[in-house]
Structures are given as C-alpha cells and as structure tokens.
$ cat model10.txt   # compact mmCIF, C-alpha atoms and all ligand atoms
# COMPACT_ATOMS: atom_id res chain seq x y z
CA MET U 51 41.92 -5.44 -27.74
CA ARG U 52 38.67 -3.51 -28.06
CA LEU U 53 35.64 -5.48 -29.22
CA VAL U 54 33.43 -3.80 -31.84
CA SER U 55 30.26 -5.41 -33.15
CA THR U 56 29.86 -5.55 -36.91
CA ASP U 57 26.11 -5.16 -36.31
CA ILE U 58 26.85 -1.71 -34.85
CA ILE U 59 28.91 -0.89 -37.94
CA LYS U 60 25.94 -1.98 -40.07
CA ALA U 61 23.57 0.33 -38.17
CA GLU U 62 25.99 3.26 -38.51
CA VAL U 63 26.35 2.68 -42.26
CA THR U 64 22.56 2.80 -42.60
CA LYS U 65 22.35 6.07 -40.68
CA LEU U 66 25.17 7.68 -42.66
CA PHE U 67 23.72 6.80 -46.08
CA GLN U 68 20.25 7.97 -45.09
CA SER U 69 21.39 11.33 -43.76
CA SER U 70 23.72 11.83 -46.75
CA ALA U 71 20.78 11.49 -49.12
CA TYR U 72 18.99 14.49 -47.56
CA ILE U 73 21.53 16.59 -45.73
CA LEU U 74 24.64 18.17 -47.21
CA ALA U 75 27.63 18.65 -44.91
CA GLU U 76 27.84 22.16 -43.43
CA LYS U 77 31.06 22.84 -45.37
CA VAL U 78 29.36 21.93 -48.66
CA LYS U 79 26.48 24.26 -47.82
CA SER U 80 28.83 27.09 -46.88
CA HIS U 81 30.81 26.67 -50.11
CA LEU U 82 27.59 26.96 -52.13
CA ALA U 83 26.57 30.07 -50.17
CA GLU U 84 30.02 31.60 -50.56
CA ALA U 85 29.98 30.80 -54.30
CA LEU U 86 26.71 32.71 -54.64
CA GLY U 87 28.46 35.70 -53.07
CA ARG U 88 31.19 35.56 -55.73
CA GLU U 89 29.25 34.52 -58.83
CA GLN U 90 28.47 37.40 -61.17
CA SER U 91 26.69 35.76 -64.07
CA PRO U 92 22.87 35.99 -63.74
CA GLN U 93 22.43 32.40 -64.99
CA GLY U 94 25.14 31.18 -62.60
CA ARG U 95 23.49 32.97 -59.68
CA MET U 96 20.12 31.54 -60.61
CA VAL U 97 21.58 28.01 -60.60
CA LEU U 98 23.32 28.50 -57.26
CA GLU U 99 20.16 29.96 -55.70
CA THR U 100 18.23 26.93 -56.96
CA LEU U 101 20.82 24.50 -55.57
CA ILE U 102 20.68 26.23 -52.17
CA LYS U 103 16.89 26.10 -52.16
CA ASN U 104 17.09 22.44 -53.21
CA HIS U 105 19.32 21.42 -50.30
CA GLN U 106 17.17 23.37 -47.84
CA MET U 107 14.03 21.62 -49.13
CA ALA U 108 15.71 18.20 -49.09
CA GLN U 109 16.72 18.67 -45.47
CA ASN U 110 13.31 20.00 -44.40
CA THR U 111 11.22 17.40 -46.23
CA THR U 112 13.52 14.34 -46.26
CA VAL U 113 13.16 14.15 -50.03
CA PRO U 114 16.53 13.16 -51.56
CA LEU U 115 18.83 15.90 -52.81
CA CYS U 116 18.77 14.32 -56.29
CA GLN U 117 16.87 11.63 -58.16
CA ASP U 118 20.20 9.83 -58.57
CA THR U 119 20.85 8.71 -55.01
CA GLY U 120 24.16 7.17 -56.04
CA LEU U 121 26.21 4.03 -55.67
CA GLY U 122 27.18 3.13 -52.11
CA GLN U 123 30.89 3.48 -51.42
CA VAL U 124 32.39 2.96 -47.96
CA ILE U 125 35.90 3.39 -46.57
CA ILE U 126 36.61 1.85 -43.16
CA GLU U 127 39.71 2.68 -41.17
CA LEU U 128 40.00 -0.20 -38.75
CA GLY U 129 42.26 0.23 -35.73
CA GLN U 130 44.60 -2.73 -35.37
CA GLU U 131 43.71 -2.96 -31.69
CA VAL U 132 40.07 -3.64 -32.61
CA SER U 133 38.65 -7.14 -32.67
CA LEU U 134 35.47 -7.40 -34.72
CA GLU U 135 32.68 -9.63 -33.44
CA GLY U 136 29.53 -10.64 -35.28
CA PRO U 137 28.73 -11.40 -38.93
CA ALA U 138 31.32 -10.78 -41.66
CA LEU U 139 32.31 -7.12 -42.08
CA PHE U 140 31.55 -6.92 -45.80
CA ASP U 141 28.09 -8.47 -45.33
CA CYS U 142 27.25 -6.00 -42.57
CA VAL U 143 28.43 -2.98 -44.55
CA ASN U 144 26.56 -4.18 -47.63
CA GLN U 145 23.38 -4.79 -45.63
CA GLY U 146 23.74 -1.46 -43.85
CA MET U 147 23.85 0.29 -47.22
CA THR U 148 20.98 -1.68 -48.83
CA GLN U 149 18.87 -1.18 -45.69
CA ALA U 150 19.36 2.59 -45.96
CA TYR U 151 18.20 2.62 -49.59
CA ASP U 152 15.26 0.34 -48.83
CA GLN U 153 13.99 2.05 -45.67
CA ALA U 154 14.34 5.57 -47.03
CA PHE U 155 12.94 4.72 -50.49
CA LEU U 156 16.12 5.90 -52.19
CA ARG U 157 16.48 4.99 -55.85
CA LYS U 158 18.34 1.72 -56.41
CA SER U 159 20.85 2.23 -59.19
CA THR U 160 22.92 -0.96 -59.62
CA CYS U 161 22.23 -3.18 -62.62
CA HIS U 162 23.75 -6.01 -64.68
CA PRO U 163 26.42 -4.50 -66.94
CA LEU U 164 25.04 -6.17 -70.09
CA GLY U 165 21.38 -6.99 -69.52
CA ARG U 166 20.90 -3.78 -67.48
CA GLN U 167 18.37 -5.47 -65.16
CA ASN U 168 18.18 -3.46 -61.93
CA ARG U 169 19.34 -5.50 -58.93
CA GLY U 170 16.63 -3.86 -56.85
CA ASP U 171 18.68 -3.21 -53.72
CA ASN U 172 21.61 -0.99 -54.80
CA SER U 173 24.09 -3.76 -53.92
CA PRO U 174 26.94 -4.43 -53.87
CA VAL U 175 28.55 -1.80 -51.73
CA SER U 176 32.11 -0.85 -52.65
CA LEU U 177 34.20 -1.35 -49.49
CA GLU U 178 37.80 -0.31 -48.91
CA THR U 179 39.20 -1.38 -45.54
CA ILE U 180 42.41 0.16 -44.23
CA ILE U 181 44.15 -1.13 -41.11
CA VAL U 182 45.43 1.78 -39.02
CA PRO U 183 47.04 2.11 -35.59
CA GLY U 184 44.74 2.44 -32.59
CA HIS U 185 41.46 1.13 -31.25
CA GLU U 186 38.90 3.11 -33.24
CA VAL U 187 36.79 2.38 -36.29
CA LYS U 188 36.24 5.26 -38.71
CA ILE U 189 33.45 4.82 -41.26
CA ILE U 190 33.28 7.14 -44.27
CA VAL U 191 30.44 6.85 -46.78
CA LEU U 192 30.10 8.36 -50.24
CA ALA U 193 26.92 8.17 -52.32
CA LYS U 194 28.39 8.70 -55.78
CA GLY U 195 26.16 9.85 -58.62
CA GLY U 196 26.49 8.15 -62.00
CA GLY U 197 26.75 11.40 -63.96
CA CYS U 198 29.88 12.56 -62.17
CA ASP U 199 31.42 9.09 -61.84
CA ASN U 200 31.16 8.76 -65.64
CA LYS U 201 33.43 11.79 -66.04
CA SER U 202 36.08 10.76 -63.50
CA LYS U 203 39.28 9.65 -65.17
CA LEU U 204 42.65 7.91 -64.83
CA THR U 205 45.40 8.79 -67.27
CA ASN U 206 49.20 8.71 -67.53
CA LEU U 207 51.53 11.49 -68.60
CA PRO U 208 55.21 11.32 -69.51
CA PRO U 209 57.17 11.86 -66.26
CA THR U 210 59.03 14.78 -67.86
CA VAL U 211 55.89 16.79 -68.52
CA SER U 212 55.94 20.52 -67.76
CA ARG U 213 53.97 21.99 -64.89
CA GLU U 214 51.89 23.94 -67.41
CA THR U 215 50.86 20.73 -69.20
CA LEU U 216 50.16 19.09 -65.87
CA VAL U 217 47.77 21.86 -64.83
CA LYS U 218 46.16 21.85 -68.27
CA THR U 219 45.68 18.08 -68.24
CA ILE U 220 43.99 18.00 -64.83
CA SER U 221 41.79 21.02 -65.52
CA SER U 222 40.88 19.66 -68.97
CA ILE U 223 39.59 16.42 -67.45
CA VAL U 224 37.22 18.50 -65.33
CA LEU U 225 36.26 20.86 -68.14
CA GLU U 226 35.67 18.04 -70.65
CA ALA U 227 32.83 16.96 -68.36
CA GLY U 228 31.14 20.23 -69.34
CA PRO U 229 27.66 20.42 -67.81
CA ASP U 230 27.21 16.62 -67.88
CA ALA U 231 28.34 15.98 -64.31
CA CYS U 232 26.32 18.84 -62.78
CA PRO U 233 28.80 21.60 -61.90
CA PRO U 234 29.91 23.35 -59.77
CA TYR U 235 32.19 20.46 -58.95
CA PHE U 236 34.15 19.09 -56.04
CA VAL U 237 37.33 17.46 -57.30
CA GLY U 238 39.65 14.87 -55.78
CA VAL U 239 43.00 14.45 -57.56
CA CYS U 240 45.91 12.06 -57.12
CA LEU U 241 49.13 12.80 -58.91
CA GLY U 242 51.39 9.77 -58.66
CA GLY U 243 50.73 6.30 -57.33
CA SER U 244 49.87 3.55 -59.81
CA PHE U 245 47.02 2.15 -61.92
CA GLU U 246 45.74 0.61 -58.67
CA SER U 247 46.38 3.29 -56.09
CA ALA U 248 45.85 6.57 -57.95
CA PRO U 249 42.01 6.29 -58.27
CA ARG U 250 41.80 5.11 -54.66
CA LEU U 251 43.80 8.10 -53.44
CA ALA U 252 41.83 10.51 -55.66
CA ARG U 253 38.63 9.28 -54.04
CA ARG U 254 40.20 9.72 -50.62
CA ALA U 255 41.17 13.28 -51.57
CA LEU U 256 37.55 13.90 -52.57
CA VAL U 257 35.98 12.65 -49.33
CA ASP U 258 38.67 14.43 -47.28
CA ILE U 259 38.21 17.70 -49.16
CA PHE U 260 37.36 19.61 -45.96
CA GLU U 261 39.21 17.40 -43.51
CA ASN U 262 42.38 17.75 -41.49
CA PRO U 263 45.27 17.50 -41.96
CA PRO U 264 45.08 19.96 -44.85
CA MET U 265 47.16 19.54 -47.98
CA ASN U 266 50.88 20.25 -47.64
CA GLN U 267 52.31 23.40 -49.24
CA GLU U 268 53.37 21.68 -52.46
CA GLU U 269 49.95 20.07 -52.90
CA MET U 270 48.17 23.31 -52.03
CA ALA U 271 50.14 25.34 -54.59
CA LEU U 272 49.32 22.92 -57.42
CA ALA U 273 45.69 22.56 -56.30
CA ASP U 274 45.30 26.36 -56.35
CA GLU U 275 46.72 26.56 -59.88
CA VAL U 276 44.36 23.87 -61.15
CA LEU U 277 41.33 25.39 -59.41
CA LEU U 278 42.17 28.78 -60.89
CA ALA U 279 42.40 27.27 -64.40
CA ILE U 280 39.06 25.46 -63.97
CA ASN U 281 37.25 28.56 -62.74
CA ALA U 282 38.83 30.79 -65.39
CA SER U 283 37.12 28.66 -68.05
CA GLY U 284 33.77 30.42 -67.68
CA LEU U 285 31.85 27.12 -67.77
CA GLY U 286 30.02 28.08 -64.59
CA PRO U 287 27.21 26.49 -62.56
CA MET U 288 25.46 23.79 -64.62
CA GLY U 289 27.53 24.92 -67.59
CA LEU U 290 25.40 28.05 -68.09
CA GLY U 291 28.36 30.40 -67.77
CA GLY U 292 30.01 32.03 -64.79
CA GLN U 293 32.99 32.14 -62.47
CA ILE U 294 32.19 29.13 -60.31
CA THR U 295 32.85 25.85 -62.13
CA ALA U 296 34.47 24.09 -59.17
CA LEU U 297 33.75 24.71 -55.50
CA GLY U 298 36.77 22.89 -54.12
CA LEU U 299 39.71 20.70 -55.09
CA ARG U 300 41.98 18.56 -52.97
CA LEU U 301 45.12 17.11 -54.46
CA LYS U 302 47.34 14.28 -53.21
CA LEU U 303 50.95 13.88 -54.32
CA TYR U 304 52.11 10.28 -54.01
CA PRO U 305 55.35 8.47 -54.97
CA CYS U 306 55.20 6.68 -58.31
CA HIS U 307 57.34 4.53 -60.64
CA LEU U 308 60.11 6.57 -62.26
CA ALA U 309 58.72 5.64 -65.69
CA SER U 310 55.19 6.82 -64.85
CA LEU U 311 53.11 9.82 -63.88
CA PRO U 312 49.55 8.67 -63.23
CA ILE U 313 46.81 11.26 -62.75
CA ALA U 314 43.47 10.23 -61.29
CA VAL U 315 40.61 12.73 -61.10
CA ASN U 316 37.54 11.83 -59.08
CA LEU U 317 34.87 14.30 -60.11
CA ASN U 318 31.81 14.95 -57.96
CA CYS U 319 28.83 17.16 -58.63
CA HIS U 320 27.78 19.98 -56.28
CA SER U 321 25.87 17.33 -54.30
CA LEU U 322 28.87 15.91 -52.41
CA ARG U 323 27.12 13.31 -50.29
CA THR U 324 29.75 12.09 -47.91
CA SER U 325 29.65 11.72 -44.15
CA ARG U 326 31.60 9.90 -41.47
CA VAL U 327 31.56 8.66 -37.93
CA THR U 328 34.23 7.32 -35.55
CA LEU U 329 33.32 4.51 -33.18
S1 LIG P 1 25.78 14.11 -61.07
FE1 LIG P 1 25.04 14.60 -58.98
S2 LIG P 1 23.48 16.21 -59.21
FE2 LIG P 1 23.87 15.31 -61.24
S3 LIG P 1 22.29 13.75 -61.48
FE3 LIG P 1 24.10 12.71 -60.64
S4 LIG P 1 23.88 12.80 -58.40
FE4 LIG P 1 22.42 14.24 -59.28

$ encode --input "model10.txt" --output "structure tokens" --more "lines below"
Ligand code: SF4
Amino acid sequence: MRLVSTDIIKAEVTKLFQSSAYILAEKVKSHLAEALGREQSPQGRMVLETLIKNHQMAQNTTVPLCQDTGLGQVIIELGQEVSLEGPALFDCVNQGMTQAYDQAFLRKSTCHPLGRQNRGDNSPVSLETIIVPGHEVKIIVLAKGGGCDNKSKLTNLPPTVSRETLVKTISSIVLEAGPDACPPYFVGVCLGGSFESAPRLARRALVDIFENPPMNQEEMALADEVLLAINASGLGPMGLGGQITALGLRLKLYPCHLASLPIAVNLNCHSLRTSRVTL
C-alpha cells in the first residue's frame, strides 16, 4: 500500500484551479491559433484574434481568462493500492477548490437555487472518484462556465434511429446554443450509457479531448461527421459567422439498454479550463 496524504491532494487541487483560471492548456492555445489560420470570415478572425490576445494577457497578468471563473468540478482516479491518510477526501478537495477561488480572488458563482444568495466561497465542489488499478492518484479539474453548462444536454433517441438523424441530433444540440455559450466550442459527447452514466462519460470525453488513448476508429468516424456538420453551419466564432464553430469534439460510445439510446453533450466554450496532475 502507498500512503497519500489528503492534505497534499488539497494543495494540488488549489494549484490546478488557480492555474486553470489564467492559463489555457497548450493544446487549447494551439487549436485557437490553428483555427485563426483556417477561418476566413473577417468577423470570425477578429474574434479569434481577440481570444488569443485575451489568453496571452490572462497568462501574463494573472487576470482570469473570463469573468465567469466557473463551478469547480474534480475527477479523482484513485489507485486501489493507495491508502489515504488525513482528513476526509471530499472535505480536502472542497477546501482545495474554495481556497483557490479565495486566494486568487476568482469570482464565486454558487448560490441557493431559489433565493439565489451567493454562498461566497464557490462551494460545493463536484467530486467524482473512480477506483482504478495501481498506486497513483490522478486529479483532473474542470472550471465549468455557467453559459456553456446551461446549453449542455441529455436526451434519448429511438434505438433504431438512422446515422443521419444521429449526427443531426448531436450537432443540433451544439448549434441550438448559438452564440450563448461563447463559441468556438469544445464538445464532449457520450452515445450510449444511461440517464446516470451518459452525462458523466460526456464530461470525461470533454476533459480528455486531447488525451491518450485517442478515440477508437468507430468513435473517430462519428466524431468527424458531427464536427463537420457543426462547422458547416456557418455559426462561427461568437456566432458572428465563419467556419470555426467548434474547435474539437471527442465522442465516447458506451453500451446501453436495448430499449434506449441516450445522448449526452457536454458543451464547453473556447475557454476550456481543465488541467490534471498525477501523484
Ligand atoms: S461560457 Fe465560457 S467564455 Fe462564456 S462567459 Fe462562461 S466561462 Fe466565460
């Protein structure tokens, strides 16, 4: 058994949320730069140039990438040969997240669902813990903006649906967001699973959008079709018209009930604030 302190996990969660607020992952930056190379619409180019300038300024000045600094979501892959020592895992992850928002003066966005009073600390964190083989602890954080979370969706289609309808349904969920979720988008999709697992797997597809292993051939083929349909729409950066409506899409195929075909789409704006560390 390997001992891992939950206080160390807390400190790592704080670091990850703070850096995610200012610094986009290199792959996100390179996708924005590459999109600027392909975009032909003057308005689309202007938006992409502004987004690139914005992330450069955020990194140089440690001013957040966006006024909406997001809800704190964390996925922990916990090796089954790890023994945790210290305070309760959830408490440490929650405190690690709230500490990041407090110390870095990031906007706190959680409130009572009816009274709408702000909780003042961005709590509670959303924590998914997965037990995996091995002796490592992988921590993945996602600071999810409200605008793009509002447009994420879970739906069900008849299992006999045609591929054409499938592609249209997934791309329509993205396109119905219009400019409201700040395109160009990153999209995580799960086709299959259940009411419980499909949104979870769509989020995992989103945070793993640039990770290995890549999608399998079947997933890749469908993902390419959907991405093509989204970018053929002409919605463009910030909905001002252009070729680049989505920067990337990762799709997960997962077994489902023979009576069902769930589709979960986790939509993220251009500001994909996710980072990870392995202890
Ligand atoms: S959707 Fe993204 S870019 Fe738009 S306001 Fe929210 S966090 Fe900011």

$ residues_near_ligand --input "model10.txt" --ligand "ligand LIG 1 (chain P)" --cutoff "6 Å" --atoms "only C-alpha atoms and all ligand atoms" --output "ChimeraX atom specification"
/U:116,118,195-198,231-232,319,321

$ residues_around --input "model10.txt" --residues "Glu131 (chain U)" --least-positions-apart "5" --cutoff "10 Å" --atoms "all atoms listed in the file" --output "ChimeraX atom specification"
/U:51-53,181-187

$ closest_residue --input "model10.txt" --among "U:Gln130, U:Gln267, U:Ser247, U:Ser91" --to "Ile180 (chain U)" --atoms "only C-alpha atoms"
U:Gln130

$ closest_residue --input "model10.txt" --among "U:Leu128, U:Leu192, U:Leu303, U:Leu98" --to "Arg253 (chain U)" --atoms "all atoms listed in the file"
U:Leu192

$ closest_residue --input "model10.txt" --among "U:Leu329, U:Ala193, U:Leu278, U:Val239" --to "Val54 (chain U)" --atoms "all atoms listed in the file"
U:Leu329

$ residues_around --input "model10.txt" --residues "Gln109 (chain U)" --least-positions-apart "4" --cutoff "7 Å" --atoms "all atoms listed in the file" --output "ChimeraX atom specification"
/U:72-73,105

$ residues_around --input "model10.txt" --residues "region 309-316 of chain U" --least-positions-apart "4" --cutoff "9 Å" --atoms "all atoms listed in the file" --output "MDAnalysis selection string"
chainID U and resid 198:199 201:211 219:220 223:224 236:245 248:253 255:256

$ atom_distance --input "model10.txt" --atom1 "CA of Glu178 (chain U)" --atom2 "CA of Ser222 (chain U)"
28.5 Å

$ build_atoms --input "model10.txt" --residues "region 132-143 of chain U" --atoms "N, CA and C atoms" --output "compact mmCIF listing (two decimals), in the coordinates of the input"
# COMPACT_ATOMS: atom_id res chain seq x y z
N VAL U 132 41.51 -3.31 -32.64
CA VAL U 132 40.07 -3.64 -32.61
C VAL U 132 39.89 -5.09 -33.02
N SER U 133 39.04 -5.78 -32.27
CA SER U 133 38.65 -7.14 -32.67
C SER U 133 37.17 -7.08 -33.04
N LEU U 134 36.86 -7.46 -34.27
CA LEU U 134 35.47 -7.40 -34.72
C LEU U 134 34.73 -8.65 -34.27
N GLU U 135 33.51 -8.47 -33.79
CA GLU U 135 32.68 -9.63 -33.44
C GLU U 135 31.35 -9.50 -34.17
N GLY U 136 30.81 -10.64 -34.58
CA GLY U 136 29.53 -10.64 -35.28
C GLY U 136 29.71 -11.13 -36.71
N PRO U 137 28.66 -10.94 -37.54
CA PRO U 137 28.73 -11.40 -38.93
C PRO U 137 29.87 -10.72 -39.70
N ALA U 138 30.19 -11.27 -40.87
CA ALA U 138 31.32 -10.78 -41.66
C ALA U 138 31.18 -9.28 -41.96
N LEU U 139 32.32 -8.58 -41.91
CA LEU U 139 32.31 -7.12 -42.08
C LEU U 139 31.67 -6.71 -43.40
N PHE U 140 32.09 -7.35 -44.51
CA PHE U 140 31.55 -6.92 -45.80
C PHE U 140 30.03 -7.08 -45.83
N ASP U 141 29.54 -8.22 -45.31
CA ASP U 141 28.09 -8.47 -45.33
C ASP U 141 27.35 -7.39 -44.54
N CYS U 142 27.91 -7.01 -43.39
CA CYS U 142 27.25 -6.00 -42.57
C CYS U 142 27.25 -4.64 -43.25
N VAL U 143 28.37 -4.27 -43.87
CA VAL U 143 28.43 -2.98 -44.55
C VAL U 143 27.47 -2.97 -45.75
